[in-house]
>>> print(open('upload-v7.txt').read())   # compact mmCIF, C-alpha atoms and all ligand atoms
# COMPACT_ATOMS: atom_id res chain seq x y z
CA MET Z 1104 0.00 0.00 0.00
CA ASN Z 1105 1.30 3.42 -0.84
CA ASP Z 1106 0.99 5.97 1.87
CA GLN Z 1107 0.14 9.08 -0.12
CA SER Z 1108 -0.96 11.10 2.86
CA GLY Z 1109 2.10 13.33 2.45
CA ILE Z 1110 1.19 14.37 -1.07
CA ASP Z 1111 -1.23 17.23 -1.37
CA ALA Z 1112 -3.79 17.54 -4.14
CA GLU Z 1113 -1.60 20.02 -6.02
CA THR Z 1114 1.24 17.52 -6.28
CA ARG Z 1115 -1.05 14.68 -7.25
CA ARG Z 1116 -2.54 16.57 -10.19
CA GLY Z 1117 0.91 16.53 -11.78
CA LEU Z 1118 3.63 19.03 -12.31
CA HIS Z 1119 3.24 21.76 -14.93
CA VAL Z 1120 6.38 23.24 -16.45
CA ALA Z 1121 6.18 26.02 -19.04
CA PHE Z 1122 9.04 26.99 -21.36
CA ILE Z 1123 9.93 30.28 -22.99
CA MET Z 1124 12.12 28.72 -25.65
CA ASP Z 1125 14.45 31.60 -26.48
CA GLY Z 1126 17.84 31.97 -28.12
CA ASN Z 1127 17.44 30.16 -31.45
CA GLY Z 1128 18.51 33.22 -33.43
CA ARG Z 1129 21.65 33.81 -31.38
CA TRP Z 1130 22.51 30.11 -31.59
CA ALA Z 1131 22.35 30.29 -35.39
CA LYS Z 1132 24.24 33.57 -35.51
CA ALA Z 1133 27.11 32.07 -33.48
CA ARG Z 1134 27.38 29.46 -36.23
CA LYS Z 1135 27.13 32.04 -39.01
CA ARG Z 1136 23.91 30.43 -40.17
CA PRO Z 1137 20.49 32.00 -40.95
CA ARG Z 1138 17.99 32.29 -38.06
CA PRO Z 1139 15.69 29.48 -39.31
CA PHE Z 1140 18.61 27.09 -38.87
CA GLY Z 1141 18.43 27.90 -35.16
CA HIS Z 1142 14.66 27.36 -35.11
CA GLN Z 1143 15.12 23.90 -36.66
CA ALA Z 1144 17.71 23.00 -34.04
CA GLY Z 1145 15.36 24.36 -31.37
CA ALA Z 1146 12.49 22.18 -32.59
CA LYS Z 1147 14.63 19.07 -32.02
CA ARG Z 1148 15.19 20.15 -28.42
CA THR Z 1149 11.49 20.75 -27.94
CA ARG Z 1150 10.87 17.17 -29.01
CA GLU Z 1151 13.51 15.92 -26.55
CA VAL Z 1152 12.04 17.94 -23.68
CA VAL Z 1153 8.50 16.68 -24.34
CA GLU Z 1154 9.73 13.10 -24.51
CA ALA Z 1155 11.49 13.48 -21.16
CA CYS Z 1156 8.38 14.69 -19.31
CA PRO Z 1157 6.81 11.40 -18.19
CA ASP Z 1158 10.15 10.17 -16.75
CA LEU Z 1159 10.62 13.40 -14.85
CA GLY Z 1160 7.11 13.39 -13.40
CA VAL Z 1161 5.98 16.32 -15.54
CA LYS Z 1162 2.34 15.88 -16.49
CA TYR Z 1163 1.81 19.24 -18.21
CA VAL Z 1164 4.30 20.99 -20.45
CA THR Z 1165 3.59 24.29 -22.15
CA LEU Z 1166 5.78 25.63 -24.94
CA TYR Z 1167 5.94 29.23 -26.14
CA ALA Z 1168 6.41 28.78 -29.88
CA PHE Z 1169 5.28 32.12 -31.37
CA SER Z 1170 4.14 35.28 -29.63
CA THR Z 1171 1.65 37.90 -30.77
CA GLU Z 1172 4.69 40.22 -30.99
CA ASN Z 1173 6.68 37.87 -33.23
CA TRP Z 1174 4.78 39.14 -36.32
CA LYS Z 1175 7.20 42.09 -36.15
CA ARG Z 1176 9.95 39.84 -37.47
CA SER Z 1177 10.93 39.68 -41.14
CA ARG Z 1178 8.51 38.04 -43.56
CA LYS Z 1179 11.22 35.55 -44.38
CA GLU Z 1180 11.65 34.42 -40.78
CA ILE Z 1181 7.89 34.25 -40.17
CA THR Z 1182 7.40 32.13 -43.29
CA ALA Z 1183 10.18 29.80 -42.18
CA LEU Z 1184 8.68 29.49 -38.70
CA MET Z 1185 5.19 28.70 -40.02
CA ALA Z 1186 6.67 26.07 -42.38
CA LEU Z 1187 8.58 24.60 -39.44
CA PHE Z 1188 5.38 24.38 -37.36
CA ARG Z 1189 3.61 22.53 -40.17
CA HIS Z 1190 6.57 20.23 -40.75
CA THR Z 1191 6.97 19.47 -37.03
CA ILE Z 1192 3.29 18.61 -36.59
CA ARG Z 1193 3.32 16.31 -39.63
CA LYS Z 1194 6.51 14.62 -38.53
CA THR Z 1195 5.69 14.11 -34.84
CA ALA Z 1196 1.90 13.61 -34.70
CA HIS Z 1197 2.04 9.82 -34.89
CA ASP Z 1198 4.75 9.46 -32.22
CA LEU Z 1199 3.14 11.99 -29.89
CA HIS Z 1200 -0.10 10.03 -30.06
CA ALA Z 1201 1.73 6.74 -29.48
CA GLU Z 1202 3.43 8.27 -26.44
CA GLY Z 1203 0.07 9.17 -24.94
CA ALA Z 1204 0.48 12.92 -25.37
CA ARG Z 1205 -2.58 15.12 -25.48
CA VAL Z 1206 -1.74 18.18 -27.56
CA ARG Z 1207 -3.57 21.50 -27.31
CA PHE Z 1208 -2.86 24.87 -28.89
CA ILE Z 1209 -3.44 28.21 -27.17
CA GLY Z 1210 -3.36 31.67 -28.69
CA ASP Z 1211 -5.33 33.58 -31.31
CA ARG Z 1212 -5.94 31.26 -34.26
CA GLY Z 1213 -7.45 34.04 -36.38
CA PRO Z 1214 -4.34 35.10 -38.30
CA LEU Z 1215 -2.95 31.58 -38.85
CA ASP Z 1216 -3.14 30.04 -42.32
CA ARG Z 1217 -5.63 27.27 -43.10
CA LYS Z 1218 -3.00 24.63 -43.80
CA LEU Z 1219 -1.47 25.07 -40.37
CA LEU Z 1220 -4.87 25.31 -38.67
CA ASN Z 1221 -5.96 22.02 -40.24
CA LEU Z 1222 -2.86 20.27 -38.92
CA MET Z 1223 -3.36 21.78 -35.46
CA GLU Z 1224 -7.01 20.72 -35.35
CA GLU Z 1225 -6.18 17.20 -36.60
CA LEU Z 1226 -3.52 16.76 -33.93
CA GLU Z 1227 -5.85 18.01 -31.19
CA GLY Z 1228 -8.53 15.61 -32.40
CA LEU Z 1229 -6.19 12.65 -32.74
CA THR Z 1230 -4.81 13.04 -29.20
CA ARG Z 1231 -7.91 14.27 -27.38
CA ASN Z 1232 -8.35 11.16 -25.23
CA ASN Z 1233 -4.69 10.83 -24.21
CA ASP Z 1234 -3.68 11.59 -20.65
CA ARG Z 1235 -0.06 10.54 -20.12
CA VAL Z 1236 1.38 13.99 -20.78
CA HIS Z 1237 -0.45 17.20 -21.70
CA VAL Z 1238 1.44 19.26 -24.25
CA THR Z 1239 0.23 22.82 -24.80
CA VAL Z 1240 1.73 24.83 -27.63
CA ALA Z 1241 1.38 28.61 -27.43
CA LEU Z 1242 1.18 29.75 -31.06
CA ASN Z 1243 0.32 33.35 -31.83
CA TYR Z 1244 -0.08 33.64 -28.10
CA GLY Z 1245 0.11 36.74 -25.92
CA GLY Z 1246 -0.98 36.86 -22.29
CA ARG Z 1247 -2.57 40.29 -22.65
CA ASP Z 1248 -4.27 39.29 -25.89
CA GLU Z 1249 -5.63 36.17 -24.19
CA ILE Z 1250 -7.03 38.23 -21.28
CA LEU Z 1251 -8.61 40.68 -23.74
CA ARG Z 1252 -10.22 37.88 -25.76
CA ALA Z 1253 -11.52 36.32 -22.53
CA THR Z 1254 -12.88 39.67 -21.39
CA ARG Z 1255 -14.74 40.17 -24.67
CA LYS Z 1256 -16.25 36.68 -24.40
CA MET Z 1257 -17.35 37.41 -20.81
CA ALA Z 1258 -18.84 40.73 -21.88
CA ASP Z 1259 -20.82 38.90 -24.58
CA ALA Z 1260 -22.04 36.38 -22.00
CA VAL Z 1261 -23.13 39.20 -19.69
CA LYS Z 1262 -24.93 40.89 -22.56
CA ALA Z 1263 -26.71 37.64 -23.39
CA GLY Z 1264 -27.72 37.30 -19.74
CA ALA Z 1265 -25.76 34.06 -19.32
CA ILE Z 1266 -23.65 35.45 -16.45
CA GLN Z 1267 -23.97 38.37 -14.03
CA PRO Z 1268 -21.06 40.81 -13.54
CA ALA Z 1269 -21.12 40.16 -9.79
CA ASP Z 1270 -20.57 36.44 -10.43
CA ILE Z 1271 -17.32 36.95 -12.34
CA GLY Z 1272 -14.56 35.56 -10.15
CA GLU Z 1273 -11.14 34.02 -10.66
CA ASP Z 1274 -12.75 30.71 -11.62
CA THR Z 1275 -14.84 32.44 -14.30
CA MET Z 1276 -11.75 34.13 -15.71
CA LYS Z 1277 -9.88 30.82 -15.72
CA GLN Z 1278 -12.66 29.18 -17.74
CA TYR Z 1279 -12.66 31.90 -20.36
CA LEU Z 1280 -8.90 31.86 -20.86
CA ASP Z 1281 -7.41 29.59 -23.56
CA THR Z 1282 -5.98 27.40 -20.80
CA GLY Z 1283 -9.45 26.56 -19.36
CA ASP Z 1284 -8.91 23.06 -17.99
CA ILE Z 1285 -5.11 23.16 -17.69
CA PRO Z 1286 -3.68 23.78 -14.20
CA ASP Z 1287 -1.48 26.83 -13.62
CA PRO Z 1288 2.26 26.33 -14.21
CA ASP Z 1289 4.41 25.47 -11.21
CA LEU Z 1290 7.61 26.51 -12.93
CA VAL Z 1291 8.42 28.72 -15.91
CA ILE Z 1292 11.83 28.20 -17.52
CA ARG Z 1293 13.28 30.81 -19.89
CA THR Z 1294 16.45 30.11 -21.80
CA SER Z 1295 18.97 32.49 -23.42
CA GLY Z 1296 19.75 34.82 -20.53
CA GLU Z 1297 16.80 37.21 -20.85
CA SER Z 1298 15.08 37.83 -17.51
CA ARG Z 1299 11.64 38.82 -18.76
CA THR Z 1300 8.46 36.96 -19.39
CA SER Z 1301 7.56 38.52 -22.75
CA ASN Z 1302 3.78 38.34 -22.34
CA PHE Z 1303 3.71 34.61 -21.51
CA LEU Z 1304 0.90 33.16 -19.33
CA VAL Z 1305 0.36 36.51 -17.63
CA TRP Z 1306 -2.66 35.43 -15.57
CA GLN Z 1307 -1.63 31.81 -15.01
CA SER Z 1308 1.92 32.42 -13.76
CA ALA Z 1309 0.99 34.66 -10.83
CA TYR Z 1310 2.42 32.13 -8.38
CA ALA Z 1311 4.87 30.22 -10.57
CA GLU Z 1312 8.54 29.79 -9.78
CA TYR Z 1313 10.86 31.19 -12.47
CA GLU Z 1314 14.16 29.87 -13.74
CA PHE Z 1315 16.22 31.99 -16.10
CA THR Z 1316 19.16 30.18 -17.63
CA ASP Z 1317 21.85 31.49 -20.01
CA THR Z 1318 21.68 28.32 -22.10
CA LEU Z 1319 20.33 28.99 -25.60
CA TRP Z 1320 17.26 26.88 -26.41
CA PRO Z 1321 18.99 24.66 -29.03
CA ASP Z 1322 21.51 23.72 -26.30
CA PHE Z 1323 18.88 22.94 -23.66
CA GLY Z 1324 18.12 19.28 -23.16
CA ARG Z 1325 16.83 16.51 -20.97
CA GLU Z 1326 19.73 16.71 -18.50
CA GLN Z 1327 19.42 20.41 -17.83
CA PHE Z 1328 15.66 20.01 -17.53
CA ALA Z 1329 16.20 17.43 -14.77
CA THR Z 1330 18.76 19.66 -13.05
CA VAL Z 1331 16.37 22.63 -12.96
CA LEU Z 1332 13.57 20.48 -11.54
CA ASP Z 1333 15.93 19.24 -8.82
CA LYS Z 1334 16.93 22.81 -7.98
CA PHE Z 1335 13.29 23.59 -7.15
CA GLY Z 1336 12.70 20.22 -5.50
CA LEU Z 1337 10.10 19.46 -8.14
CA ARG Z 1338 11.28 16.17 -9.57
CA GLU Z 1339 8.45 13.84 -8.72
CA ARG Z 1340 8.98 11.34 -6.00
CA ARG Z 1341 6.85 8.46 -7.13
CA TYR Z 1342 6.38 6.85 -3.73
CA GLY Z 1343 6.62 3.46 -5.37
CA GLY Z 1344 3.57 4.21 -7.50
CA VAL Z 1345 3.43 4.76 -11.22
C1 LIG G 1401 12.98 31.99 -29.84
O1 LIG G 1401 14.24 32.28 -30.34
C2 LIG G 1401 12.07 31.45 -30.90
C3 LIG G 1401 10.95 32.32 -31.25
C4 LIG G 1401 10.69 33.46 -30.68
C5 LIG G 1401 10.08 31.89 -32.33
P1 LIG G 1401 14.56 33.71 -30.97
O2 LIG G 1401 14.28 33.65 -32.43
O3 LIG G 1401 13.88 34.78 -30.22
O4 LIG G 1401 16.14 33.78 -30.74
P2 LIG G 1401 16.96 35.08 -30.33
O5 LIG G 1401 16.33 35.64 -29.09
O6 LIG G 1401 16.90 36.01 -31.47
O7 LIG G 1401 18.34 34.53 -30.08
C1 LIG G 1402 9.56 35.10 -26.51
O1 LIG G 1402 10.77 35.27 -27.15
C2 LIG G 1402 8.59 34.41 -27.43
C3 LIG G 1402 8.88 33.01 -27.73
C4 LIG G 1402 9.81 32.28 -27.17
C5 LIG G 1402 8.02 32.41 -28.71
P1 LIG G 1402 11.13 36.61 -27.93
O2 LIG G 1402 12.56 36.49 -28.34
O3 LIG G 1402 10.15 36.85 -28.99
O4 LIG G 1402 10.92 37.73 -26.80
P2 LIG G 1402 11.62 39.13 -26.61
O5 LIG G 1402 11.45 39.85 -27.92
O6 LIG G 1402 13.06 38.87 -26.32
O7 LIG G 1402 10.91 39.75 -25.47
MG MG G 1403 14.37 35.89 -28.61
>>> encode(input="upload-v7.txt", output="structure tokens")
Amino acid sequence: MNDQSGIDAETRRGLHVAFIMDGNGRWAKARKRPRPFGHQAGAKRTREVVEACPDLGVKYVTLYAFSTENWKRSRKEITALMALFRHTIRKTAHDLHAEGARVRFIGDRGPLDRKLLNLMEELEGLTRNNDRVHVTVALNYGGRDEILRATRKMADAVKAGAIQPADIGEDTMKQYLDTGDIPDPDLVIRTSGESRTSNFLVWQSAYAEYEFTDTLWPDFGREQFATVLDKFGLRERRYGGV
């Protein structure tokens, strides 16, 4: 019999780690290669990090892939990033499903092209009943934009008489955000030496721990992931269970 009395409900629902995957451009520049070369190398690391989650006791992993501010980049870089997203979904969908990953996308889907949207929707549908690891990809995501979209939806609901202003509480807000049924992150890790959060999970990270590491994203891997979890005492102790 496992004595789980020492584990509180928060721990039992599974650890949530969110990544601000930064530094791809600088990694490429250091190699005198174009920025998309860094994004491709970064995508491989993202795959490695997701694969490592179940072993490390991480049940939820959220990945900042493209921000609402990233449209300010050159057309060339944006096109390369969108092609990389499509390619990565096509290439990894089968394995993610086989690994028991449930994939969700958060962010404003409005400006994304149909080809990419179809792949996103297919992957969400394919993996919807999986529960081994929950992978959330933030694509055209901004924390302020998410709060604004939620606010508009709540205003519409008030107007329709579905909710009363006085009933709007933190739980209501949570439901209207893109992250609805996903628990708040316990830990946010940003690579590349920048100590800012760049509009990531603004509402959800109010109580998260933060780790800022100088490592560039394409150099971040399974081992460093484990080391950071240990630093915060977050690596899951399985208490003999699964
Ligand atoms: C993060 O790496 C990836 C995205 C924002 C899409 P960057 O492209 O921001 O890399 P740096 O910060 O220029 O090195
Ligand atoms: C944050 O990185 C966004 C993503 C990792 C997708 P940026 O490189 O875009 O952020 P800033 O510009 O340094 O704040
Ligand atoms: Mg950057």
>>> atom_distance(input="upload-v7.txt", atom1="CA of Tyr1244 in chain Z", atom2="CA of Thr1165 in chain Z")
11.7 Å
>>> closest_residue(input="upload-v7.txt", among="Z:Ala1168, Z:Ile1209, Z:Leu1199, Z:Val1153", to="ligand MG 1403 (chain G)", atoms="only C-alpha atoms and all ligand atoms")
Z:Ala1168
>>> residues_around(input="upload-v7.txt", residues="Arg1189 in chain Z", least_positions_apart="6", cutoff="8 Å", atoms="only C-alpha atoms", output="VMD selection string")
chain Z and resid 1218 to 1219 1222
>>> closest_atom_pairs(input="upload-v7.txt", of="chain Z", to="ligand LIG 1402 (chain G)", cutoff="8 Å", atoms="only C-alpha atoms and all ligand atoms", output="CSV")
residue,atom,partner,partner_atom,distance
Z:Phe1122,CA,G:LIG1402,C4,7.9
Z:Ile1123,CA,G:LIG1402,C4,4.6
Z:Met1124,CA,G:LIG1402,C4,4.5
Z:Asp1125,CA,G:LIG1402,C4,4.7
Z:Gly1126,CA,G:LIG1402,O2,7.0
Z:Tyr1167,CA,G:LIG1402,C5,4.6
Z:Ala1168,CA,G:LIG1402,C5,4.1
Z:Phe1169,CA,G:LIG1402,C5,3.8
Z:Ser1170,CA,G:LIG1402,C5,4.9
Z:Glu1172,CA,G:LIG1402,O3,6.7
Z:Asn1173,CA,G:LIG1402,O3,5.6
Z:Ala1241,CA,G:LIG1402,C5,7.8
Z:Leu1242,CA,G:LIG1402,C5,7.7
Z:Glu1297,CA,G:LIG1402,O6,6.8
Z:Arg1299,CA,G:LIG1402,O7,6.8
Z:Thr1300,CA,G:LIG1402,O7,7.1
Z:Ser1301,CA,G:LIG1402,O7,4.5
Z:Asn1302,CA,G:LIG1402,C1,7.8
Z:Phe1303,CA,G:LIG1402,C2,7.7
>>> axis_aligned_box(input="upload-v7.txt", around="ligand LIG 1401 (chain G)", padding_each_side="6 Å", output="lines of an AutoDock Vina configuration file")
center_x = 14.2
center_y = 33.7
center_z = -30.8
size_x = 20.3
size_y = 16.6
size_z = 15.3
>>> atom_distance(input="upload-v7.txt", atom1="CA of Arg1235 in chain Z", atom2="CA of Gly1203 in chain Z")
5.0 Å
>>> residues_around(input="upload-v7.txt", residues="Ala1131 in chain Z", least_positions_apart="2", cutoff="12 Å", atoms="all atoms listed in the file", output="PyMOL selection string")
chain Z and resi 1125-1129+1133-1145+1319-1322
>>> write_last_selection(input="upload-v7.txt", atoms="C-alpha atoms", output="JSON list (two decimals), in the frame of the given file")
[["chain", "number", "residue", "atom", "x", "y", "z"],
["Z", 1125, "ASP", "CA", 14.45, 31.60, -26.48],
["Z", 1126, "GLY", "CA", 17.84, 31.97, -28.12],
["Z", 1127, "ASN", "CA", 17.44, 30.16, -31.45],
["Z", 1128, "GLY", "CA", 18.51, 33.22, -33.43],
["Z", 1129, "ARG", "CA", 21.65, 33.81, -31.38],
["Z", 1133, "ALA", "CA", 27.11, 32.07, -33.48],
["Z", 1134, "ARG", "CA", 27.38, 29.46, -36.23],
["Z", 1135, "LYS", "CA", 27.13, 32.04, -39.01],
["Z", 1136, "ARG", "CA", 23.91, 30.43, -40.17],
["Z", 1137, "PRO", "CA", 20.49, 32.00, -40.95],
["Z", 1138, "ARG", "CA", 17.99, 32.29, -38.06],
["Z", 1139, "PRO", "CA", 15.69, 29.48, -39.31],
["Z", 1140, "PHE", "CA", 18.61, 27.09, -38.87],
["Z", 1141, "GLY", "CA", 18.43, 27.90, -35.16],
["Z", 1142, "HIS", "CA", 14.66, 27.36, -35.11],
["Z", 1143, "GLN", "CA", 15.12, 23.90, -36.66],
["Z", 1144, "ALA", "CA", 17.71, 23.00, -34.04],
["Z", 1145, "GLY", "CA", 15.36, 24.36, -31.37],
["Z", 1319, "LEU", "CA", 20.33, 28.99, -25.60],
["Z", 1320, "TRP", "CA", 17.26, 26.88, -26.41],
["Z", 1321, "PRO", "CA", 18.99, 24.66, -29.03],
["Z", 1322, "ASP", "CA", 21.51, 23.72, -26.30]]
>>> closest_residue(input="upload-v7.txt", among="Z:Glu1326, Z:Asp1198, Z:Asp1317, Z:Asp1211", to="ligand LIG 1401 (chain G)", atoms="only C-alpha atoms and all ligand atoms")
Z:Asp1317
>>> closest_residue(input="upload-v7.txt", among="Z:Lys1277, Z:Arg1207, Z:Arg1293, Z:His1119", to="ligand LIG 1401 (chain G)", atoms="all atoms listed in the file")
Z:Arg1293
>>> atom_distance(input="upload-v7.txt", atom1="CA of His1197 in chain Z", atom2="atom C3 of ligand LIG 1401 (chain G)")
24.5 Å
>>> residues_around(input="upload-v7.txt", residues="Ala1258 in chain Z", least_positions_apart="4", cutoff="12 Å", atoms="only C-alpha atoms", output="JSON, numbers by chain")
{"Z": [1251, 1252, 1253, 1254, 1262, 1263, 1264, 1265, 1266, 1267, 1268, 1271, 1275, 1276, 1279]}
>>> write_last_selection(input="upload-v7.txt", atoms="C-alpha atoms", output="tab-separated table (two decimals), in the coordinates of the input")
chain	number	residue	atom	x	y	z
Z	1251	LEU	CA	-8.61	40.68	-23.74
Z	1252	ARG	CA	-10.22	37.88	-25.76
Z	1253	ALA	CA	-11.52	36.32	-22.53
Z	1254	THR	CA	-12.88	39.67	-21.39
Z	1262	LYS	CA	-24.93	40.89	-22.56
Z	1263	ALA	CA	-26.71	37.64	-23.39
Z	1264	GLY	CA	-27.72	37.30	-19.74
Z	1265	ALA	CA	-25.76	34.06	-19.32
Z	1266	ILE	CA	-23.65	35.45	-16.45
Z	1267	GLN	CA	-23.97	38.37	-14.03
Z	1268	PRO	CA	-21.06	40.81	-13.54
Z	1271	ILE	CA	-17.32	36.95	-12.34
Z	1275	THR	CA	-14.84	32.44	-14.30
Z	1276	MET	CA	-11.75	34.13	-15.71
Z	1279	TYR	CA	-12.66	31.90	-20.36
>>> closest_residue(input="upload-v7.txt", among="Z:Asp1333, Z:Glu1227, Z:Asp1158, Z:Glu1180", to="ligand LIG 1401 (chain G)", atoms="only C-alpha atoms and all ligand atoms")
Z:Glu1180
